[in-house]
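Enquirer: Sending over final-v8.csv (CSV, C-alpha atoms).
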```
chain,number,residue,atom,x,y,z
A,5,MET,CA,54.6,349.2,173.2
A,6,HIS,CA,52.0,346.5,172.9
A,7,TRP,CA,52.0,347.0,169.1
A,8,LEU,CA,55.7,346.7,168.9
A,9,SER,CA,55.8,343.5,170.9
A,10,THR,CA,53.1,342.0,168.7
A,11,ASN,CA,54.9,343.0,165.5
A,12,TYR,CA,58.2,341.6,166.8
A,13,GLN,CA,56.7,338.1,167.3
A,14,TRP,CA,55.3,338.1,163.8
A,15,VAL,CA,58.7,339.0,162.3
A,16,VAL,CA,60.4,336.2,164.2
A,17,ALA,CA,57.8,333.7,163.0
A,18,VAL,CA,58.3,334.9,159.4
A,19,VAL,CA,62.1,334.6,159.6
A,20,ALA,CA,62.1,331.1,161.4
A,21,MET,CA,59.7,329.4,159.0
A,22,PRO,CA,62.0,329.0,156.0
A,23,ILE,CA,64.7,327.6,158.3
A,24,VAL,CA,62.4,325.0,159.6
A,25,LEU,CA,61.2,324.1,156.1
A,26,LEU,CA,64.8,323.7,154.9
A,27,LEU,CA,65.6,321.3,157.8
A,28,LEU,CA,62.5,319.3,157.1
A,29,LYS,CA,63.5,318.9,153.4
A,30,ARG,CA,67.1,317.7,154.2
A,31,TRP,CA,65.7,315.2,156.7
A,32,ALA,CA,63.3,313.9,154.0
A,33,ASP,CA,66.0,313.5,151.4
A,34,SER,CA,68.4,311.6,153.7
A,35,PRO,CA,68.4,307.6,153.3
A,36,LYS,CA,66.0,305.9,155.7
A,37,LYS,CA,67.4,303.3,158.0
A,38,THR,CA,65.1,300.6,159.4
A,39,ALA,CA,66.1,299.1,162.7
A,40,GLY,CA,66.5,295.3,162.7
A,41,ALA,CA,66.9,294.9,158.9
A,42,ALA,CA,68.4,291.6,157.8
A,43,PRO,CA,72.1,291.8,156.6
A,44,THR,CA,72.7,291.5,152.9
A,45,GLN,CA,73.0,287.8,151.9
A,46,ALA,CA,76.4,287.0,150.3
A,47,ALA,CA,76.3,285.0,147.1
A,48,LEU,CA,78.5,281.9,146.8
A,49,SER,CA,78.9,279.9,143.7
A,50,ALA,CA,80.8,276.5,143.9
A,51,GLU,CA,79.9,274.6,140.8
A,52,GLY,CA,80.5,270.8,141.2
A,53,PHE,CA,80.8,271.1,145.0
A,54,THR,CA,78.5,270.7,147.9
A,55,VAL,CA,78.2,273.3,150.8
A,56,SER,CA,76.3,271.9,153.8
A,57,ASN,CA,75.6,273.4,157.2
A,58,SER,CA,77.8,276.4,156.5
A,59,PRO,CA,76.2,279.8,157.1
A,60,VAL,CA,77.6,282.7,155.0
A,61,VAL,CA,79.3,285.4,157.1
A,62,GLY,CA,80.5,288.8,156.1
A,63,GLY,CA,83.8,290.4,156.7
A,64,SER,CA,87.3,289.1,156.3
A,65,GLY,CA,89.3,286.3,157.9
A,66,ASN,CA,86.4,283.9,157.7
A,67,ILE,CA,87.1,280.2,156.6
A,68,GLN,CA,84.4,278.2,154.9
A,69,ASN,CA,84.8,274.4,154.7
A,70,ILE,CA,83.6,273.0,151.4
A,71,ASN,CA,83.1,269.3,151.1
A,72,ALA,CA,84.3,268.3,147.6
A,73,PRO,CA,83.0,265.1,146.0
A,74,THR,CA,85.5,262.2,146.6
A,75,THR,CA,86.5,260.1,143.6
A,76,VAL,CA,88.1,256.7,144.3
A,77,VAL,CA,90.3,255.3,141.5
A,78,HIS,CA,91.0,251.5,141.8
A,79,VAL,CA,94.3,250.6,140.1
A,80,HIS,CA,94.7,246.9,139.7
A,81,ALA,CA,98.3,245.7,139.8
A,82,GLU,CA,99.3,243.3,137.1
A,83,ARG,CA,98.7,239.8,138.4
A,84,THR,CA,101.6,237.7,137.7
A,85,GLU,CA,102.3,234.1,138.9
A,86,PRO,CA,105.2,233.8,141.3
A,87,ALA,CA,108.4,232.5,139.7
A,88,ARG,CA,108.8,228.7,139.8
A,89,PRO,CA,111.5,226.3,138.6
A,90,THR,CA,110.9,224.2,135.5
A,91,LEU,CA,112.7,220.8,135.2
A,92,THR,CA,113.5,218.9,132.1
A,93,ILE,CA,114.2,215.2,132.8
A,94,GLU,CA,115.6,212.5,130.5
A,95,ILE,CA,116.2,208.8,131.2
A,96,GLU,CA,119.3,207.8,129.3
A,97,GLN,CA,119.6,204.2,130.5
A,98,VAL,CA,117.4,201.7,132.3
A,99,CYS,CA,119.1,198.6,133.6
A,100,PHE,CA,117.9,195.7,135.8
A,101,GLY,CA,119.8,193.9,138.5
A,102,GLY,CA,119.7,190.2,139.0
A,103,ALA,CA,116.5,188.6,140.2
A,104,GLU,CA,116.6,188.0,144.0
A,105,ASP,CA,113.9,185.7,145.4
A,106,PHE,CA,111.1,183.8,143.9
A,107,VAL,CA,108.0,185.3,145.6
A,108,GLY,CA,105.2,183.6,143.6
A,109,LYS,CA,102.8,181.1,145.1
A,110,ASP,CA,103.8,178.4,142.6
A,111,LEU,CA,105.6,178.1,139.3
A,112,SER,CA,102.5,179.1,137.4
A,113,ASP,CA,102.7,182.4,139.1
A,114,PHE,CA,106.4,183.1,138.7
A,115,ARG,CA,107.3,186.4,140.4
A,116,VAL,CA,110.6,187.9,141.5
A,117,ASP,CA,112.1,190.9,143.1
A,118,ARG,CA,114.1,193.1,140.8
A,119,TYR,CA,116.5,196.1,141.1
A,120,ILE,CA,115.8,198.8,138.6
A,121,PHE,CA,118.5,201.3,137.8
A,122,ALA,CA,117.9,204.5,135.9
A,123,TYR,CA,120.5,206.9,134.7
A,124,LEU,CA,119.1,210.4,134.7
A,125,TRP,CA,119.9,213.7,133.0
A,126,MET,CA,118.1,216.7,134.6
A,127,VAL,CA,118.3,220.5,134.2
A,128,ASN,CA,116.4,223.5,135.6
A,129,THR,CA,115.4,225.9,132.9
A,130,GLU,CA,114.4,228.8,135.2
A,131,SER,CA,116.3,231.2,137.4
A,132,VAL,CA,114.7,229.9,140.6
A,133,VAL,CA,116.9,227.4,142.4
A,134,THR,CA,115.3,224.2,143.6
A,135,THR,CA,116.2,220.8,145.0
A,136,LEU,CA,114.6,217.3,144.7
A,137,LYS,CA,112.1,216.6,147.5
A,138,GLN,CA,111.4,213.0,146.5
A,139,MET,CA,111.4,210.5,143.6
A,140,SER,CA,109.1,207.5,142.9
A,141,LEU,CA,109.2,204.8,140.3
A,142,SER,CA,106.7,202.2,139.0
A,143,TYR,CA,107.3,199.3,136.6
A,144,SER,CA,104.6,198.0,134.3
A,145,THR,CA,104.8,194.6,132.6
A,146,GLY,CA,102.4,191.9,131.6
A,147,GLY,CA,99.4,194.2,132.1
A,148,GLU,CA,100.4,194.8,135.8
A,149,LYS,CA,102.0,197.8,137.5
A,150,VAL,CA,104.3,197.4,140.4
A,151,VAL,CA,105.4,200.3,142.7
A,152,ALA,CA,109.1,200.2,143.4
A,153,PHE,CA,110.8,201.5,146.5
A,154,PRO,CA,114.0,203.6,146.5
A,155,VAL,CA,117.4,202.1,147.3
A,156,SER,CA,119.8,204.7,148.6
A,157,ASP,CA,123.0,202.8,148.8
A,158,LEU,CA,124.6,202.1,145.4
A,159,SER,CA,128.1,201.3,146.7
A,160,GLN,CA,127.7,197.5,146.3
A,161,TRP,CA,126.9,197.8,142.6
A,162,PHE,CA,128.8,198.5,139.5
A,163,GLN,CA,128.2,198.4,135.7
A,164,ARG,CA,130.1,195.9,133.6
A,165,ILE,CA,130.4,197.2,130.1
A,166,ARG,CA,131.6,194.8,127.4
A,167,SER,CA,133.3,196.2,124.3
A,168,GLU,CA,135.0,194.7,121.3
A,169,GLU,CA,138.1,196.1,119.5
A,170,PRO,CA,139.8,195.0,116.4
A,171,GLY,CA,142.7,192.6,117.2
A,172,LEU,CA,146.2,192.4,115.8
A,173,GLY,CA,145.6,189.4,113.6
A,174,PHE,CA,143.4,188.9,110.6
A,175,GLU,CA,139.7,189.1,111.4
A,176,THR,CA,140.4,188.9,115.1
A,177,ARG,CA,138.7,191.0,117.8
A,178,THR,CA,139.6,191.7,121.4
A,179,VAL,CA,136.8,191.7,124.0
A,180,ARG,CA,137.2,194.0,127.0
A,181,HIS,CA,135.2,194.3,130.1
A,182,ALA,CA,135.2,197.6,132.0
A,183,HIS,CA,133.8,197.9,135.6
A,184,LYS,CA,132.3,201.3,136.2
A,185,THR,CA,131.2,202.3,139.6
A,186,LEU,CA,127.7,203.9,139.9
A,187,THR,CA,127.6,207.6,140.6
A,188,PRO,CA,124.4,208.4,142.5
A,189,PHE,CA,122.3,211.3,141.2
A,190,PRO,CA,123.5,214.4,143.0
A,191,LEU,CA,121.4,215.9,145.8
A,192,GLU,CA,122.8,219.4,145.2
A,193,PRO,CA,120.5,222.2,144.2
A,194,LEU,CA,119.4,222.5,140.6
A,195,GLN,CA,120.5,225.9,139.2
A,196,GLN,CA,119.4,227.4,135.9
A,197,GLY,CA,121.2,225.8,132.9
A,198,ILE,CA,123.5,223.5,134.8
A,199,PRO,CA,122.5,219.8,134.0
A,200,LEU,CA,123.1,217.1,136.6
A,201,LYS,CA,123.6,213.4,135.9
A,202,GLY,CA,123.6,210.2,138.0
A,203,TRP,CA,122.1,206.9,138.8
A,204,VAL,CA,119.0,206.2,140.9
A,205,CYS,CA,117.9,202.7,142.1
A,206,PHE,CA,114.6,201.2,143.0
A,207,LYS,CA,113.5,197.7,144.1
A,208,ALA,CA,110.3,196.3,142.7
A,209,SER,CA,108.8,193.4,144.5
A,210,GLY,CA,106.5,190.8,142.9
A,211,VAL,CA,107.4,191.5,139.3
A,212,LEU,CA,105.7,189.1,137.0
A,213,GLY,CA,108.2,186.8,135.2
A,214,LEU,CA,111.8,187.9,135.2
A,215,GLY,CA,111.1,191.4,133.8
A,216,GLY,CA,113.8,193.6,132.4
A,217,ASP,CA,113.4,192.9,128.7
A,218,GLU,CA,109.9,194.4,128.2
A,219,GLY,CA,107.4,196.7,129.8
A,220,SER,CA,107.9,200.3,130.8
A,221,ILE,CA,108.9,202.5,133.8
A,222,GLU,CA,107.5,205.8,135.0
A,223,LEU,CA,109.7,208.0,137.1
A,224,CYS,CA,108.1,210.9,139.0
A,225,VAL,CA,110.2,213.7,140.6
A,226,GLU,CA,108.8,216.3,143.1
A,227,ASP,CA,110.8,219.5,143.6
A,228,SER,CA,111.1,221.7,146.7
A,229,PHE,CA,108.2,223.8,145.5
A,230,GLY,CA,105.9,220.7,145.5
A,231,LYS,CA,105.7,220.5,141.7
A,232,GLU,CA,105.7,217.0,140.2
A,233,TYR,CA,107.3,215.9,136.9
A,234,CYS,CA,106.8,212.5,135.4
A,235,VAL,CA,108.7,210.9,132.6
A,236,GLN,CA,108.3,207.4,131.0
A,237,LYS,CA,110.6,205.1,129.1
A,238,SER,CA,109.6,201.8,127.4
A,239,ALA,CA,111.6,198.8,126.2
A,240,PRO,CA,114.0,198.5,124.6
A,241,PHE,CA,115.7,200.4,127.5
A,242,GLY,CA,119.2,200.7,125.9
A,243,CYS,CA,121.2,199.6,128.9
A,244,LYS,CA,124.9,199.9,128.0
A,245,GLY,CA,126.1,197.2,130.5
A,246,VAL,CA,125.1,194.6,133.0
A,247,MET,CA,124.5,195.7,136.6
A,248,VAL,CA,126.5,193.5,138.9
A,249,ASP,CA,126.5,193.2,142.7
A,250,HIS,CA,129.9,192.9,144.2
A,251,LEU,CA,128.8,189.8,146.1
A,252,ASP,CA,127.7,188.1,142.9
A,253,GLU,CA,131.1,188.9,141.3
A,254,TRP,CA,132.9,187.4,144.2
A,255,ARG,CA,130.8,184.2,144.0
A,256,HIS,CA,131.7,183.7,140.3
A,257,LEU,CA,135.5,183.8,141.0
```
Mind turning the file's structure into structure tokens?
Expert:
Amino acid sequence: MHWLSTNYQWVVAVVAMPIVLLLLKRWADSPKKTAGAAPTQAALSAEGFTVSNSPVVGGSGNIQNINAPTTVVHVHAERTEPARPTLTIEIEQVCFGGAEDFVGKDLSDFRVDRYIFAYLWMVNTESVVTTLKQMSLSYSTGGEKVVAFPVSDLSQWFQRIRSEEPGLGFETRTVRHAHKTLTPFPLEPLQQGIPLKGWVCFKASGVLGLGGDEGSIELCVEDSFGKEYCVQKSAPFGCKGVMVDHLDEWRHL
């Protein structure tokens, strides 16, 4: 019995040994796992962009914020000047009223006050409507320049125009006098392409001599946009008739 028991233990050991060796081989061939190994790093390529403070995470449903470079494009709008009116001014006539008072110190310094009338033609060549803000006039004669002041009321003045016509007889002529009232230059707005006409009157004080037959005037006009236009006219002034005060006409009756 002792021999049988001893032989049985040896047989069990011989049979179990191959099984143990097979299990050891399979365990050796299986992949080894190391605890605490770092996760595989994901590769991210964003050429031309900058990724900052953005750890890479695995899995799905993750959002990565990428700061793209900012390009600022400056577009300069075409610089254009604001629209403004443009006035064309012509002085068609310059006439002088009668001398008023002698204002010189003595006869060697003969000076008078004169009324100066100018018949204007004016047009606005641009589409922007404007009005006249103010007008000024100066009269130069004998080397001196006198600033004239505007006269608003023309109702007491008229222009007496003398004309000659052939008469009925041989070599006879008929002289006619026409009295034309003065139409003030209109104060209405100046619109594009619509010319306006009318008279303006200024009074110049202390004109050397009698004035009227020589010298020059300068008229300056300022529109509602603050732009100034100046135009000059020199003698001979081409006045078509004599400027007459109604009171003077009554005195000569």
Enquirer: Enter the distance from CA of Gly147 in chain A to CA of Cys205 in chain A, in Å, rounded to one decimal.
Expert: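 Distance reported for this atom pair: 22.7 Å.
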Enquirer: At what distance in Å, to one decimal, does CA of His181 in chain A lie from CA of Val155 in chain A?
Expert: 26.0 Å
Enquirer: Between CA of Ala87 in chain A and CA of Leu141 in chain A, measure the distance and give it in Å to one decimal.
Expert: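 CA of Leu141 in chain A lies at a distance of 27.7 Å from CA of Ala87 in chain A.
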Enquirer: Could you tell me which of A:Gly230, A:Gly102, A:Pro154, A:Pro86 comes closest to Trp203 in chain A if we count only C-alpha atoms?
Expert: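 Once distances to Trp203 in chain A are computed over only C-alpha atoms, the minimum belongs to A:Pro154.
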Enquirer: Restricting the calculation to only C-alpha atoms: of A:Ser159, A:Ser220, A:Gln97, A:Thr176, which residue gets closest to Pro188 in chain A?
Expert: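 Among A:Ser159, A:Ser220, A:Gln97, A:Thr176, it is A:Ser159 that comes nearest to Pro188 in chain A.
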Enquirer: Using only C-alpha atoms, which residue out of A:Glu192, A:Cys99, A:Phe153, A:Ser142 lies closest to Gln236 in chain A?
Expert: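 Using only C-alpha atoms, the shortest distance to Gln236 in chain A belongs to A:Ser142.
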Enquirer: Please determine, counting only C-alpha atoms, which residue among A:His250, A:Leu91, A:Phe229, A:Leu200 has the shortest atom-to-atom distance to Glu130 in chain A.
Expert: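 The shortest atom-to-atom distance to Glu130 in chain A comes from A:Leu91.
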